[in-house]
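Q: Let me give you the structure first, and then I'll get to my questions.
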Amino acid sequence: MKLSLIIPVYNVEQYVERCLHSCLNQPNVAVDDYELVIVNDGTKDNSMAIVEGVICKFPNITIINQHNQGLSMARNAGLKAAKGDYVWFIDSDDWIETDCLQGILERLEQTKIDVLQLQYRNVYSDGTSPDEHYATIDGIVNGKDLLVINSFFTAVQFMVYRREFLLTHLLFFYPGIYHEDNEFKPKAIYLADSCASYDKVAYNYYKGNANSITARLKLKNGTDLFIVMNSLFHFVEEHHVVGKCQRAFYTQIGFAMRIVLRTLKEVSPEDAAILIGMMHDNRHLLKCLCKASNMKVRLGGILMSLNLPLGLKVYKSFF
């Protein structure tokens, strides 16, 4: 088995059929070369009935049923059950290009890498024209170099990962939080010995799901981002990350802080006060921003460290 497509399912009855058809209708790829690992995360709607109707004619399907535990635990369950040499995490409200698997499998066979970067397309429900995003890699590079140049996308769906690499490094998703990709991906890239890219658009990222965790930011988005930032901070400490890689991690912490600042604008004054209190309690993170490789992050960190209210105003104006 060459590739496992891991697809969590939770309340996506409007979208899941499109996702599954895109994964199963892949010309020039043998069914024994790849599998779909569908994780029913305790969905409460008609999603699994739709799944059953689609997959009944296909042999390369595994279904895992579990009580609702969230996206992280659904992905972890899929990773543990996967049989492929590589895994690709696919969200069930998105879909992949019909002819992409042949090219991806060929690229993996050529390179034997830990991480393959994909290109993606945003698709909007309001009639906005789709836009494509590219972050190509010249040849094969070490993950640390990729982390330093910051030429990658945050979402885990935009990379294919060697399964044994993830398991060896115990790279699983942090349970129970939003923004788990921000916590997972910098670590995975840093630990990867080899990264390359598949340079055609392979993934369609749907921006019209009102139930998405980023559709409207809530207090939980902000509080979970402090978990993400502290997890990255402790990873740097535990792995003795120094130099350019350390500054790259601090930039990732800064990007997470940027989402906290966006959250401040969308929550109630009471919830905003909680998040500002967390900034006071996590001043070590502000000190990290002061050492980031990104100049805007660094300047924001310096200002917030010196005067938090003033720094917040200036930092928010950057983003």
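Convention: chains lettered A, B, ... in structure tokens order; per-chain residue numbering from 1; ligands numbered from 1 as shown.
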Out of range 42-210 of chain A, which residues get alpha helix (DSSP H) from DSSP, as a short mmCIF file (atom, residue, chain, number, x, y, z; two decimals) with all heavy atoms, in the first residue's frame?
A:
data_model
loop_
_atom_site.label_atom_id
_atom_site.label_comp_id
_atom_site.auth_asym_id
_atom_site.auth_seq_id
_atom_site.Cartn_x
_atom_site.Cartn_y
_atom_site.Cartn_z
N SER A 47 -24.21 12.08 7.49
CA SER A 47 -22.94 11.93 6.77
C SER A 47 -22.58 10.47 6.51
O SER A 47 -22.20 10.10 5.40
CB SER A 47 -21.81 12.60 7.55
OG SER A 47 -21.96 13.99 7.61
N MET A 48 -22.68 9.62 7.53
CA MET A 48 -22.22 8.25 7.36
C MET A 48 -23.12 7.43 6.45
O MET A 48 -22.65 6.51 5.76
CB MET A 48 -22.06 7.57 8.72
CG MET A 48 -20.88 8.08 9.52
SD MET A 48 -19.31 8.12 8.59
CE MET A 48 -19.07 6.38 8.23
N ALA A 49 -24.41 7.76 6.41
CA ALA A 49 -25.29 7.09 5.44
C ALA A 49 -24.85 7.43 4.02
O ALA A 49 -24.85 6.56 3.13
CB ALA A 49 -26.74 7.51 5.67
N ILE A 50 -24.46 8.66 3.80
CA ILE A 50 -23.95 9.07 2.48
C ILE A 50 -22.64 8.35 2.18
O ILE A 50 -22.42 7.85 1.06
CB ILE A 50 -23.76 10.60 2.44
CG1 ILE A 50 -25.11 11.29 2.59
CG2 ILE A 50 -23.06 11.03 1.16
CD1 ILE A 50 -25.03 12.79 2.81
N VAL A 51 -21.76 8.28 3.19
CA VAL A 51 -20.50 7.56 3.01
C VAL A 51 -20.76 6.11 2.61
O VAL A 51 -20.16 5.60 1.65
CB VAL A 51 -19.67 7.61 4.31
CG1 VAL A 51 -18.48 6.65 4.23
CG2 VAL A 51 -19.18 9.03 4.58
N GLU A 52 -21.64 5.44 3.32
CA GLU A 52 -21.94 4.04 3.02
C GLU A 52 -22.45 3.86 1.60
O GLU A 52 -22.11 2.89 0.91
CB GLU A 52 -22.95 3.48 4.03
CG GLU A 52 -22.46 3.42 5.47
CD GLU A 52 -21.47 2.30 5.72
OE1 GLU A 52 -21.23 1.49 4.79
OE2 GLU A 52 -20.92 2.24 6.84
N GLY A 53 -23.26 4.81 1.15
CA GLY A 53 -23.79 4.72 -0.20
C GLY A 53 -22.74 4.89 -1.27
O GLY A 53 -22.82 4.29 -2.35
N VAL A 54 -21.73 5.69 -0.99
CA VAL A 54 -20.68 5.95 -1.98
C VAL A 54 -19.67 4.81 -2.03
O VAL A 54 -19.23 4.39 -3.11
CB VAL A 54 -19.96 7.28 -1.65
CG1 VAL A 54 -18.73 7.46 -2.54
CG2 VAL A 54 -20.91 8.46 -1.83
N ILE A 55 -19.28 4.28 -0.90
CA ILE A 55 -18.12 3.39 -0.85
C ILE A 55 -18.45 1.92 -1.07
O ILE A 55 -17.54 1.09 -1.16
CB ILE A 55 -17.38 3.52 0.50
CG1 ILE A 55 -18.24 2.95 1.63
CG2 ILE A 55 -17.00 4.97 0.76
CD1 ILE A 55 -17.51 2.87 2.95
N LEU A 71 -11.27 16.90 15.75
CA LEU A 71 -10.49 16.64 14.54
C LEU A 71 -9.14 16.01 14.84
O LEU A 71 -8.70 15.09 14.14
CB LEU A 71 -10.31 17.95 13.77
CG LEU A 71 -9.52 17.89 12.47
CD1 LEU A 71 -10.16 16.93 11.48
CD2 LEU A 71 -9.39 19.29 11.86
N SER A 72 -8.46 16.50 15.87
CA SER A 72 -7.12 15.97 16.18
C SER A 72 -7.16 14.47 16.44
O SER A 72 -6.37 13.70 15.88
CB SER A 72 -6.53 16.69 17.40
OG SER A 72 -6.21 18.02 17.10
N MET A 73 -8.08 14.04 17.30
CA MET A 73 -8.15 12.63 17.65
C MET A 73 -8.64 11.78 16.48
O MET A 73 -8.24 10.61 16.36
CB MET A 73 -9.04 12.44 18.87
CG MET A 73 -8.48 13.06 20.14
SD MET A 73 -6.85 12.41 20.57
CE MET A 73 -7.30 10.78 21.17
N ALA A 74 -9.49 12.35 15.63
CA ALA A 74 -9.92 11.61 14.44
C ALA A 74 -8.73 11.38 13.50
O ALA A 74 -8.55 10.29 12.96
CB ALA A 74 -11.03 12.38 13.73
N ARG A 75 -7.92 12.42 13.30
CA ARG A 75 -6.73 12.25 12.47
C ARG A 75 -5.76 11.24 13.09
O ARG A 75 -5.16 10.42 12.39
CB ARG A 75 -6.04 13.60 12.27
CG ARG A 75 -6.76 14.54 11.32
CD ARG A 75 -6.08 15.89 11.33
NE ARG A 75 -6.59 16.79 10.30
CZ ARG A 75 -6.27 18.09 10.23
NH1 ARG A 75 -5.45 18.61 11.13
NH2 ARG A 75 -6.77 18.84 9.27
N ASN A 76 -5.58 11.33 14.41
CA ASN A 76 -4.68 10.40 15.08
C ASN A 76 -5.15 8.96 14.91
O ASN A 76 -4.35 8.04 14.69
CB ASN A 76 -4.57 10.75 16.56
CG ASN A 76 -3.81 12.04 16.82
OD1 ASN A 76 -3.09 12.54 15.95
ND2 ASN A 76 -3.97 12.59 18.01
N ALA A 77 -6.46 8.75 15.04
CA ALA A 77 -7.01 7.40 14.86
C ALA A 77 -6.76 6.91 13.44
O ALA A 77 -6.41 5.74 13.22
CB ALA A 77 -8.50 7.40 15.17
N GLY A 78 -6.94 7.80 12.47
CA GLY A 78 -6.69 7.42 11.08
C GLY A 78 -5.23 7.10 10.83
O GLY A 78 -4.90 6.13 10.12
N LEU A 79 -4.34 7.89 11.42
CA LEU A 79 -2.90 7.64 11.26
C LEU A 79 -2.51 6.28 11.84
O LEU A 79 -1.73 5.53 11.24
CB LEU A 79 -2.12 8.76 11.94
CG LEU A 79 -0.60 8.62 11.99
CD1 LEU A 79 0.00 8.48 10.59
CD2 LEU A 79 0.02 9.82 12.72
N LYS A 80 -3.05 5.95 12.98
CA LYS A 80 -2.71 4.66 13.62
C LYS A 80 -3.24 3.48 12.81
O LYS A 80 -2.65 2.39 12.83
CB LYS A 80 -3.27 4.64 15.04
CG LYS A 80 -2.57 5.61 15.98
CD LYS A 80 -3.26 5.67 17.34
CE LYS A 80 -2.62 6.71 18.24
NZ LYS A 80 -3.33 6.84 19.55
N ALA A 81 -4.34 3.68 12.11
CA ALA A 81 -4.94 2.58 11.35
C ALA A 81 -4.42 2.49 9.92
O ALA A 81 -4.60 1.46 9.26
CB ALA A 81 -6.47 2.74 11.31
N CYS A 100 -4.89 13.84 -9.66
CA CYS A 100 -3.66 14.20 -8.95
C CYS A 100 -2.90 13.01 -8.37
O CYS A 100 -1.68 13.07 -8.22
CB CYS A 100 -3.96 15.22 -7.85
SG CYS A 100 -4.89 14.56 -6.44
N LEU A 101 -3.58 11.93 -8.01
CA LEU A 101 -2.90 10.86 -7.29
C LEU A 101 -1.80 10.20 -8.11
O LEU A 101 -0.75 9.82 -7.57
CB LEU A 101 -3.90 9.80 -6.83
CG LEU A 101 -4.75 10.13 -5.61
CD1 LEU A 101 -5.45 8.88 -5.09
CD2 LEU A 101 -3.93 10.75 -4.50
N GLN A 102 -2.00 10.06 -9.41
CA GLN A 102 -0.96 9.45 -10.23
C GLN A 102 0.33 10.27 -10.14
O GLN A 102 1.42 9.71 -9.92
CB GLN A 102 -1.41 9.36 -11.69
CG GLN A 102 -0.36 8.72 -12.59
CD GLN A 102 -0.75 8.72 -14.06
OE1 GLN A 102 -1.63 9.48 -14.48
NE2 GLN A 102 -0.11 7.90 -14.85
N GLY A 103 0.21 11.59 -10.29
CA GLY A 103 1.40 12.44 -10.23
C GLY A 103 2.04 12.45 -8.85
O GLY A 103 3.26 12.46 -8.72
N ILE A 104 1.21 12.45 -7.81
CA ILE A 104 1.74 12.46 -6.45
C ILE A 104 2.48 11.16 -6.16
O ILE A 104 3.60 11.17 -5.61
CB ILE A 104 0.59 12.67 -5.44
CG1 ILE A 104 0.10 14.12 -5.52
CG2 ILE A 104 1.03 12.33 -4.03
CD1 ILE A 104 -1.15 14.39 -4.72
N LEU A 105 1.90 10.04 -6.54
CA LEU A 105 2.56 8.75 -6.31
C LEU A 105 3.86 8.64 -7.09
O LEU A 105 4.86 8.11 -6.58
CB LEU A 105 1.62 7.60 -6.68
CG LEU A 105 0.43 7.40 -5.73
CD1 LEU A 105 -0.53 6.36 -6.29
CD2 LEU A 105 0.90 6.98 -4.35
N GLU A 106 3.88 9.14 -8.30
CA GLU A 106 5.11 9.14 -9.09
C GLU A 106 6.18 10.00 -8.43
O GLU A 106 7.36 9.60 -8.37
CB GLU A 106 4.84 9.62 -10.51
CG GLU A 106 4.04 8.65 -11.34
CD GLU A 106 3.65 9.22 -12.70
OE1 GLU A 106 3.89 10.43 -12.93
OE2 GLU A 106 3.11 8.46 -13.53
N ARG A 107 5.78 11.15 -7.91
CA ARG A 107 6.74 12.04 -7.25
C ARG A 107 7.29 11.40 -5.98
O ARG A 107 8.49 11.50 -5.68
CB ARG A 107 6.05 13.37 -6.92
CG ARG A 107 6.98 14.44 -6.39
CD ARG A 107 7.87 14.98 -7.46
NE ARG A 107 8.65 16.12 -6.99
CZ ARG A 107 9.96 16.25 -7.17
NH1 ARG A 107 10.65 15.33 -7.80
NH2 ARG A 107 10.58 17.32 -6.72
N LEU A 108 6.45 10.74 -5.22
CA LEU A 108 6.90 10.05 -4.01
C LEU A 108 7.86 8.92 -4.36
O LEU A 108 8.86 8.71 -3.66
CB LEU A 108 5.71 9.51 -3.23
CG LEU A 108 4.78 10.56 -2.60
CD1 LEU A 108 3.53 9.89 -2.05
CD2 LEU A 108 5.49 11.34 -1.51
N GLU A 109 7.57 8.19 -5.42
CA GLU A 109 8.44 7.09 -5.83
C GLU A 109 9.81 7.62 -6.28
O GLU A 109 10.85 7.00 -5.99
CB GLU A 109 7.78 6.31 -6.97
CG GLU A 109 8.55 5.11 -7.46
CD GLU A 109 8.73 4.03 -6.40
OE1 GLU A 109 7.86 3.92 -5.51
OE2 GLU A 109 9.73 3.30 -6.45
N GLN A 110 9.81 8.77 -6.93
CA GLN A 110 11.07 9.36 -7.41
C GLN A 110 11.95 9.84 -6.26
O GLN A 110 13.18 9.72 -6.31
CB GLN A 110 10.78 10.56 -8.33
CG GLN A 110 10.14 10.23 -9.65
CD GLN A 110 9.59 11.49 -10.33
OE1 GLN A 110 9.66 12.59 -9.78
NE2 GLN A 110 9.04 11.31 -11.51
N THR A 111 11.34 10.38 -5.23
CA THR A 111 12.09 11.12 -4.22
C THR A 111 12.33 10.37 -2.91
O THR A 111 13.32 10.63 -2.22
CB THR A 111 11.39 12.44 -3.90
OG1 THR A 111 10.04 12.16 -3.48
CG2 THR A 111 11.35 13.34 -5.13
N GLY A 143 14.28 19.68 6.00
CA GLY A 143 13.15 20.36 6.61
C GLY A 143 13.55 21.63 7.35
O GLY A 143 12.80 22.62 7.35
N LYS A 144 14.70 21.62 7.98
CA LYS A 144 15.15 22.81 8.71
C LYS A 144 15.33 23.99 7.77
O LYS A 144 15.00 25.14 8.11
CB LYS A 144 16.44 22.50 9.47
CG LYS A 144 16.28 21.48 10.59
CD LYS A 144 17.60 21.17 11.27
CE LYS A 144 17.40 20.18 12.42
NZ LYS A 144 16.88 18.86 11.96
N ASP A 145 15.84 23.72 6.57
CA ASP A 145 15.99 24.80 5.59
C ASP A 145 14.62 25.32 5.15
O ASP A 145 14.44 26.53 4.96
CB ASP A 145 16.78 24.31 4.38
CG ASP A 145 18.22 23.96 4.72
OD1 ASP A 145 18.78 24.61 5.64
OD2 ASP A 145 18.78 23.06 4.08
N LEU A 146 13.66 24.42 4.97
CA LEU A 146 12.32 24.83 4.58
C LEU A 146 11.66 25.66 5.68
O LEU A 146 10.99 26.66 5.40
CB LEU A 146 11.46 23.60 4.27
CG LEU A 146 10.04 23.85 3.76
CD1 LEU A 146 10.05 24.65 2.47
CD2 LEU A 146 9.30 22.54 3.56
N LEU A 147 11.88 25.28 6.93
CA LEU A 147 11.33 26.03 8.04
C LEU A 147 11.90 27.45 8.06
O LEU A 147 11.16 28.42 8.27
CB LEU A 147 11.65 25.33 9.36
CG LEU A 147 11.10 25.98 10.63
CD1 LEU A 147 9.58 25.80 10.70
CD2 LEU A 147 11.76 25.40 11.87
N VAL A 148 13.18 27.58 7.81
CA VAL A 148 13.84 28.89 7.88
C VAL A 148 13.34 29.82 6.79
O VAL A 148 13.09 31.01 7.04
CB VAL A 148 15.37 28.71 7.81
CG1 VAL A 148 16.07 30.05 7.56
CG2 VAL A 148 15.89 28.09 9.09
N ILE A 149 13.17 29.30 5.59
CA ILE A 149 12.72 30.19 4.51
C ILE A 149 11.22 30.41 4.55
O ILE A 149 10.69 31.26 3.82
CB ILE A 149 13.14 29.66 3.11
CG1 ILE A 149 12.47 28.30 2.82
CG2 ILE A 149 14.65 29.55 3.01
CD1 ILE A 149 12.75 27.78 1.42
N ARG A 163 4.53 7.91 6.56
CA ARG A 163 3.88 7.45 7.78
C ARG A 163 4.90 7.06 8.85
O ARG A 163 4.76 7.42 10.02
CB ARG A 163 2.95 6.27 7.47
CG ARG A 163 2.21 5.72 8.69
CD ARG A 163 1.14 4.72 8.29
NE ARG A 163 1.70 3.59 7.60
CZ ARG A 163 2.14 2.46 8.20
NH1 ARG A 163 2.05 2.36 9.52
NH2 ARG A 163 2.63 1.47 7.50
N GLU A 164 5.94 6.32 8.46
CA GLU A 164 6.93 5.87 9.43
C GLU A 164 7.67 7.05 10.05
O GLU A 164 8.04 7.02 11.23
CB GLU A 164 7.92 4.91 8.78
CG GLU A 164 8.81 4.16 9.76
CD GLU A 164 8.02 3.30 10.74
OE1 GLU A 164 6.96 2.77 10.36
OE2 GLU A 164 8.49 3.17 11.90
N PHE A 165 7.87 8.11 9.27
CA PHE A 165 8.49 9.33 9.80
C PHE A 165 7.64 9.92 10.92
O PHE A 165 8.16 10.28 11.99
CB PHE A 165 8.68 10.34 8.66
CG PHE A 165 8.80 11.76 9.09
CD1 PHE A 165 9.93 12.22 9.75
CD2 PHE A 165 7.77 12.66 8.84
CE1 PHE A 165 10.03 13.54 10.15
CE2 PHE A 165 7.87 13.98 9.23
CZ PHE A 165 9.00 14.42 9.90
N LEU A 166 6.34 10.02 10.71
CA LEU A 166 5.45 10.57 11.74
C LEU A 166 5.45 9.69 12.98
O LEU A 166 5.53 10.19 14.12
CB LEU A 166 4.03 10.71 11.21
CG LEU A 166 3.81 11.70 10.06
CD1 LEU A 166 2.32 11.75 9.69
CD2 LEU A 166 4.32 13.09 10.40
N LEU A 167 5.36 8.38 12.79
CA LEU A 167 5.28 7.47 13.93
C LEU A 167 6.60 7.44 14.71
O LEU A 167 6.60 7.39 15.95
CB LEU A 167 4.90 6.07 13.46
CG LEU A 167 3.52 5.93 12.81
CD1 LEU A 167 3.30 4.51 12.32
CD2 LEU A 167 2.41 6.33 13.77
N THR A 168 7.71 7.46 14.00
CA THR A 168 9.02 7.42 14.67
C THR A 168 9.21 8.62 15.57
O THR A 168 9.75 8.52 16.69
CB THR A 168 10.15 7.36 13.63
OG1 THR A 168 10.03 6.15 12.88
CG2 THR A 168 11.52 7.41 14.30
N GLU A 180 -4.84 23.09 15.56
CA GLU A 180 -3.87 22.02 15.78
C GLU A 180 -2.80 21.97 14.69
O GLU A 180 -1.68 21.54 14.93
CB GLU A 180 -4.58 20.66 15.88
CG GLU A 180 -5.33 20.21 14.64
CD GLU A 180 -6.67 20.92 14.46
OE1 GLU A 180 -7.29 21.29 15.47
OE2 GLU A 180 -7.07 21.11 13.30
N ASP A 181 -3.14 22.45 13.49
CA ASP A 181 -2.14 22.46 12.41
C ASP A 181 -0.97 23.38 12.74
O ASP A 181 0.17 23.09 12.40
CB ASP A 181 -2.79 22.91 11.09
CG ASP A 181 -3.82 21.92 10.59
OD1 ASP A 181 -4.10 20.92 11.29
OD2 ASP A 181 -4.36 22.14 9.49
N ASN A 182 -1.27 24.51 13.38
CA ASN A 182 -0.20 25.45 13.75
C ASN A 182 0.77 24.82 14.74
O ASN A 182 1.94 25.18 14.79
CB ASN A 182 -0.79 26.72 14.37
CG ASN A 182 -1.69 27.48 13.42
OD1 ASN A 182 -2.78 27.00 13.08
ND2 ASN A 182 -1.28 28.65 12.97
N GLU A 183 0.28 23.89 15.54
CA GLU A 183 1.12 23.21 16.53
C GLU A 183 1.88 22.05 15.90
O GLU A 183 3.05 21.80 16.24
CB GLU A 183 0.22 22.70 17.66
CG GLU A 183 0.95 22.25 18.92
CD GLU A 183 1.34 20.78 18.91
OE1 GLU A 183 0.79 20.02 18.07
OE2 GLU A 183 2.20 20.41 19.71
N PHE A 184 1.27 21.37 14.96
CA PHE A 184 1.83 20.15 14.36
C PHE A 184 2.88 20.44 13.30
O PHE A 184 3.96 19.83 13.27
CB PHE A 184 0.68 19.33 13.77
CG PHE A 184 1.09 18.10 13.02
CD1 PHE A 184 1.14 16.86 13.65
CD2 PHE A 184 1.39 18.16 11.66
CE1 PHE A 184 1.50 15.72 12.95
CE2 PHE A 184 1.75 17.03 10.95
CZ PHE A 184 1.81 15.80 11.61
N LYS A 185 2.57 21.35 12.41
CA LYS A 185 3.34 21.42 11.17
C LYS A 185 4.77 21.94 11.34
O LYS A 185 5.69 21.37 10.75
CB LYS A 185 2.59 22.27 10.14
CG LYS A 185 3.03 21.95 8.70
CD LYS A 185 2.02 22.45 7.70
CE LYS A 185 2.33 21.92 6.32
NZ LYS A 185 1.35 22.40 5.32
N PRO A 186 5.01 23.00 12.13
CA PRO A 186 6.41 23.42 12.28
C PRO A 186 7.30 22.31 12.84
O PRO A 186 8.46 22.17 12.43
CB PRO A 186 6.31 24.61 13.24
CG PRO A 186 4.93 25.14 13.05
CD PRO A 186 4.09 23.92 12.82
N LYS A 187 6.77 21.52 13.76
CA LYS A 187 7.55 20.42 14.33
C LYS A 187 7.85 19.37 13.26
O LYS A 187 8.98 18.88 13.16
CB LYS A 187 6.77 19.77 15.48
CG LYS A 187 6.50 20.68 16.65
CD LYS A 187 5.68 19.94 17.71
CE LYS A 187 5.32 20.83 18.88
NZ LYS A 187 4.53 20.10 19.91
N ALA A 188 6.85 19.02 12.48
CA ALA A 188 7.04 18.01 11.44
C ALA A 188 8.08 18.46 10.42
O ALA A 188 8.95 17.68 10.01
CB ALA A 188 5.71 17.71 10.76
N ILE A 189 7.99 19.71 10.01
CA ILE A 189 8.94 20.21 9.02
C ILE A 189 10.35 20.24 9.60
O ILE A 189 11.32 19.83 8.94
CB ILE A 189 8.50 21.61 8.52
CG1 ILE A 189 7.20 21.48 7.72
CG2 ILE A 189 9.59 22.26 7.67
CD1 ILE A 189 6.59 22.80 7.33
N TYR A 190 10.49 20.70 10.82
CA TYR A 190 11.82 20.77 11.45
C TYR A 190 12.47 19.38 11.52
O TYR A 190 13.68 19.23 11.31
CB TYR A 190 11.69 21.36 12.85
CG TYR A 190 12.98 21.38 13.63
CD1 TYR A 190 13.91 22.39 13.46
CD2 TYR A 190 13.26 20.37 14.56
CE1 TYR A 190 15.11 22.40 14.18
CE2 TYR A 190 14.45 20.37 15.28
CZ TYR A 190 15.37 21.39 15.08
OH TYR A 190 16.55 21.39 15.78
N LEU A 191 11.68 18.36 11.83
CA LEU A 191 12.22 17.01 12.02
C LEU A 191 12.42 16.25 10.71
O LEU A 191 13.08 15.20 10.71
CB LEU A 191 11.29 16.22 12.94
CG LEU A 191 11.22 16.72 14.39
CD1 LEU A 191 10.08 16.04 15.14
CD2 LEU A 191 12.54 16.49 15.10
#
Q: Give me the residues near range 8-24 of chain A as a ChimeraX atom specification, where near means some atom within 9 Å (using only C-alpha atoms) and where sequence neighbours in that chain fewer than 5 positions away do not count.
A: /A:31,36-51,54-55,58,68,70-71,74-75,78,89-99,101,209,211
Q: Go ahead and save the picked residues with N, CA and C atoms, as a tab-separated table (two decimals), in the first residue's frame.
A:
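Writing the result to again.tsv gives the following:
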chain	number	residue	atom	x	y	z
A	31	VAL	N	-6.42	0.42	-7.41
A	31	VAL	CA	-7.08	0.54	-6.11
A	31	VAL	C	-6.24	-0.05	-4.99
A	36	LEU	N	-8.65	4.63	1.45
A	36	LEU	CA	-9.32	5.70	2.20
A	36	LEU	C	-9.57	5.20	3.61
A	37	VAL	N	-9.08	5.94	4.59
A	37	VAL	CA	-9.36	5.66	5.98
A	37	VAL	C	-10.34	6.72	6.46
A	38	ILE	N	-11.60	6.34	6.60
A	38	ILE	CA	-12.66	7.28	6.95
A	38	ILE	C	-12.93	7.14	8.45
A	39	VAL	N	-12.79	8.25	9.16
A	39	VAL	CA	-12.98	8.23	10.61
A	39	VAL	C	-14.28	8.94	10.95
A	40	ASN	N	-15.26	8.17	11.34
A	40	ASN	CA	-16.53	8.73	11.79
A	40	ASN	C	-16.35	9.22	13.22
A	41	ASP	N	-16.25	10.53	13.37
A	41	ASP	CA	-16.00	11.12	14.69
A	41	ASP	C	-17.32	11.42	15.41
A	42	GLY	N	-18.18	10.41	15.45
A	42	GLY	CA	-19.46	10.56	16.13
A	42	GLY	C	-20.38	11.56	15.45
A	43	THR	N	-20.40	11.55	14.12
A	43	THR	CA	-21.22	12.53	13.40
A	43	THR	C	-22.69	12.39	13.79
A	44	LYS	N	-23.39	13.51	13.86
A	44	LYS	CA	-24.78	13.52	14.31
A	44	LYS	C	-25.77	13.69	13.16
A	45	ASP	N	-25.27	13.88	11.96
A	45	ASP	CA	-26.17	14.08	10.83
A	45	ASP	C	-26.16	12.84	9.93
A	46	ASN	N	-26.47	13.02	8.67
A	46	ASN	CA	-26.63	11.91	7.73
A	46	ASN	C	-25.33	11.57	7.01
A	47	SER	N	-24.21	12.08	7.49
A	47	SER	CA	-22.94	11.93	6.77
A	47	SER	C	-22.58	10.47	6.51
A	48	MET	N	-22.68	9.62	7.53
A	48	MET	CA	-22.22	8.25	7.36
A	48	MET	C	-23.12	7.43	6.45
A	49	ALA	N	-24.41	7.76	6.41
A	49	ALA	CA	-25.29	7.09	5.44
A	49	ALA	C	-24.85	7.43	4.02
A	50	ILE	N	-24.46	8.66	3.80
A	50	ILE	CA	-23.95	9.07	2.48
A	50	ILE	C	-22.64	8.35	2.18
A	51	VAL	N	-21.76	8.28	3.19
A	51	VAL	CA	-20.50	7.56	3.01
A	51	VAL	C	-20.76	6.11	2.61
A	54	VAL	N	-21.73	5.69	-0.99
A	54	VAL	CA	-20.68	5.95	-1.98
A	54	VAL	C	-19.67	4.81	-2.03
A	55	ILE	N	-19.28	4.28	-0.90
A	55	ILE	CA	-18.12	3.39	-0.85
A	55	ILE	C	-18.45	1.92	-1.07
A	58	PHE	N	-16.38	-0.09	-3.54
A	58	PHE	CA	-14.92	0.06	-3.54
A	58	PHE	C	-14.30	-0.80	-2.44
A	68	ASN	N	-17.43	11.27	19.46
A	68	ASN	CA	-16.89	12.56	19.05
A	68	ASN	C	-15.74	12.99	19.97
A	70	GLY	N	-13.17	15.18	18.36
A	70	GLY	CA	-12.55	16.32	17.71
A	70	GLY	C	-11.63	15.90	16.57
A	71	LEU	N	-11.27	16.90	15.75
A	71	LEU	CA	-10.49	16.64	14.54
A	71	LEU	C	-9.14	16.01	14.84
A	74	ALA	N	-9.49	12.35	15.63
A	74	ALA	CA	-9.92	11.61	14.44
A	74	ALA	C	-8.73	11.38	13.50
A	75	ARG	N	-7.92	12.42	13.30
A	75	ARG	CA	-6.73	12.25	12.47
A	75	ARG	C	-5.76	11.24	13.09
A	78	GLY	N	-6.94	7.80	12.47
A	78	GLY	CA	-6.69	7.42	11.08
A	78	GLY	C	-5.23	7.10	10.83
A	89	PHE	N	-3.77	13.80	4.93
A	89	PHE	CA	-4.94	14.19	5.71
A	89	PHE	C	-5.83	15.09	4.85
A	90	ILE	N	-7.07	14.67	4.65
A	90	ILE	CA	-8.00	15.40	3.79
A	90	ILE	C	-9.26	15.72	4.60
A	91	ASP	N	-9.65	16.98	4.62
A	91	ASP	CA	-10.88	17.37	5.32
A	91	ASP	C	-12.07	17.05	4.44
A	92	SER	N	-13.15	16.59	5.06
A	92	SER	CA	-14.27	16.05	4.29
A	92	SER	C	-15.16	17.12	3.65
A	93	ASP	N	-14.92	18.40	3.95
A	93	ASP	CA	-15.63	19.44	3.21
A	93	ASP	C	-14.81	19.98	2.05
A	94	ASP	N	-13.60	19.44	1.86
A	94	ASP	CA	-12.74	19.80	0.73
A	94	ASP	C	-12.75	18.68	-0.29
A	95	TRP	N	-11.97	18.82	-1.36
A	95	TRP	CA	-11.84	17.74	-2.33
A	95	TRP	C	-10.51	17.87	-3.06
A	96	ILE	N	-10.07	16.78	-3.67
A	96	ILE	CA	-8.80	16.78	-4.38
A	96	ILE	C	-9.04	16.75	-5.88
A	97	GLU	N	-8.02	17.12	-6.63
A	97	GLU	CA	-8.12	17.12	-8.08
A	97	GLU	C	-8.25	15.68	-8.59
A	98	THR	N	-9.09	15.50	-9.59
A	98	THR	CA	-9.43	14.16	-10.07
A	98	THR	C	-8.21	13.39	-10.56
A	99	ASP	N	-7.24	14.05	-11.12
A	99	ASP	CA	-6.11	13.35	-11.73
A	99	ASP	C	-4.81	13.51	-10.95
A	101	LEU	N	-3.58	11.93	-8.01
A	101	LEU	CA	-2.90	10.86	-7.29
A	101	LEU	C	-1.80	10.20	-8.11
A	209	ASN	N	-17.81	26.72	4.31
A	209	ASN	CA	-18.44	25.94	5.39
A	209	ASN	C	-18.58	26.82	6.62
A	211	ASN	N	-19.59	26.09	9.43
A	211	ASN	CA	-19.26	25.39	10.67
A	211	ASN	C	-17.76	25.25	10.88
Q: Enter the distance from CA of Lys200 in chain A to CA of Gln119 in chain A, in Å, rounded to one decimal.
A: 6.0 Å
Q: Please provide the set of residues having any atom within 10 Å of range 286-297 of chain A, restricted to only C-alpha atoms, with same-chain residues fewer than 5 positions apart removed, written as JSON, numbers by chain.
A: {"A": [148, 149, 150, 229, 233, 243, 244, 245, 246, 247, 248, 249, 250, 251, 252, 253, 254, 255, 257, 258, 279, 280, 302, 303, 304, 305, 306, 308, 314, 315, 318, 319]}
Q: Need to verify the contact set: Leu225 in chain A, 8 Å, only C-alpha atoms, exclusion of same-chain residues closer than 2 positions in sequence. Can you return it as an MDAnalysis selection string?
A: chainID A and resid 178:179 221:223 227:229 256:257 259:260
Q: Quick check, in Å to one decimal: how far apart do CA of Asp138 in chain A and CA of Arg298 in chain A lie?
A: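 Answer for the CA of Asp138 in chain A to CA of Arg298 in chain A separation: 28.4 Å.
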Q: Report the residues of range 14-102 of chain A whose backbone DSSP state falls under strand (DSSP E), written as a list in words.
A: Tyr34, Glu35, Leu36, Val37, Ile38, Val39, Asn40, Asp41, Ile61, Thr62, Ile63, Ile64, Asn65, Gln66, Tyr86, Val87, Trp88, Phe89, Trp95 and Ile96 of chain A
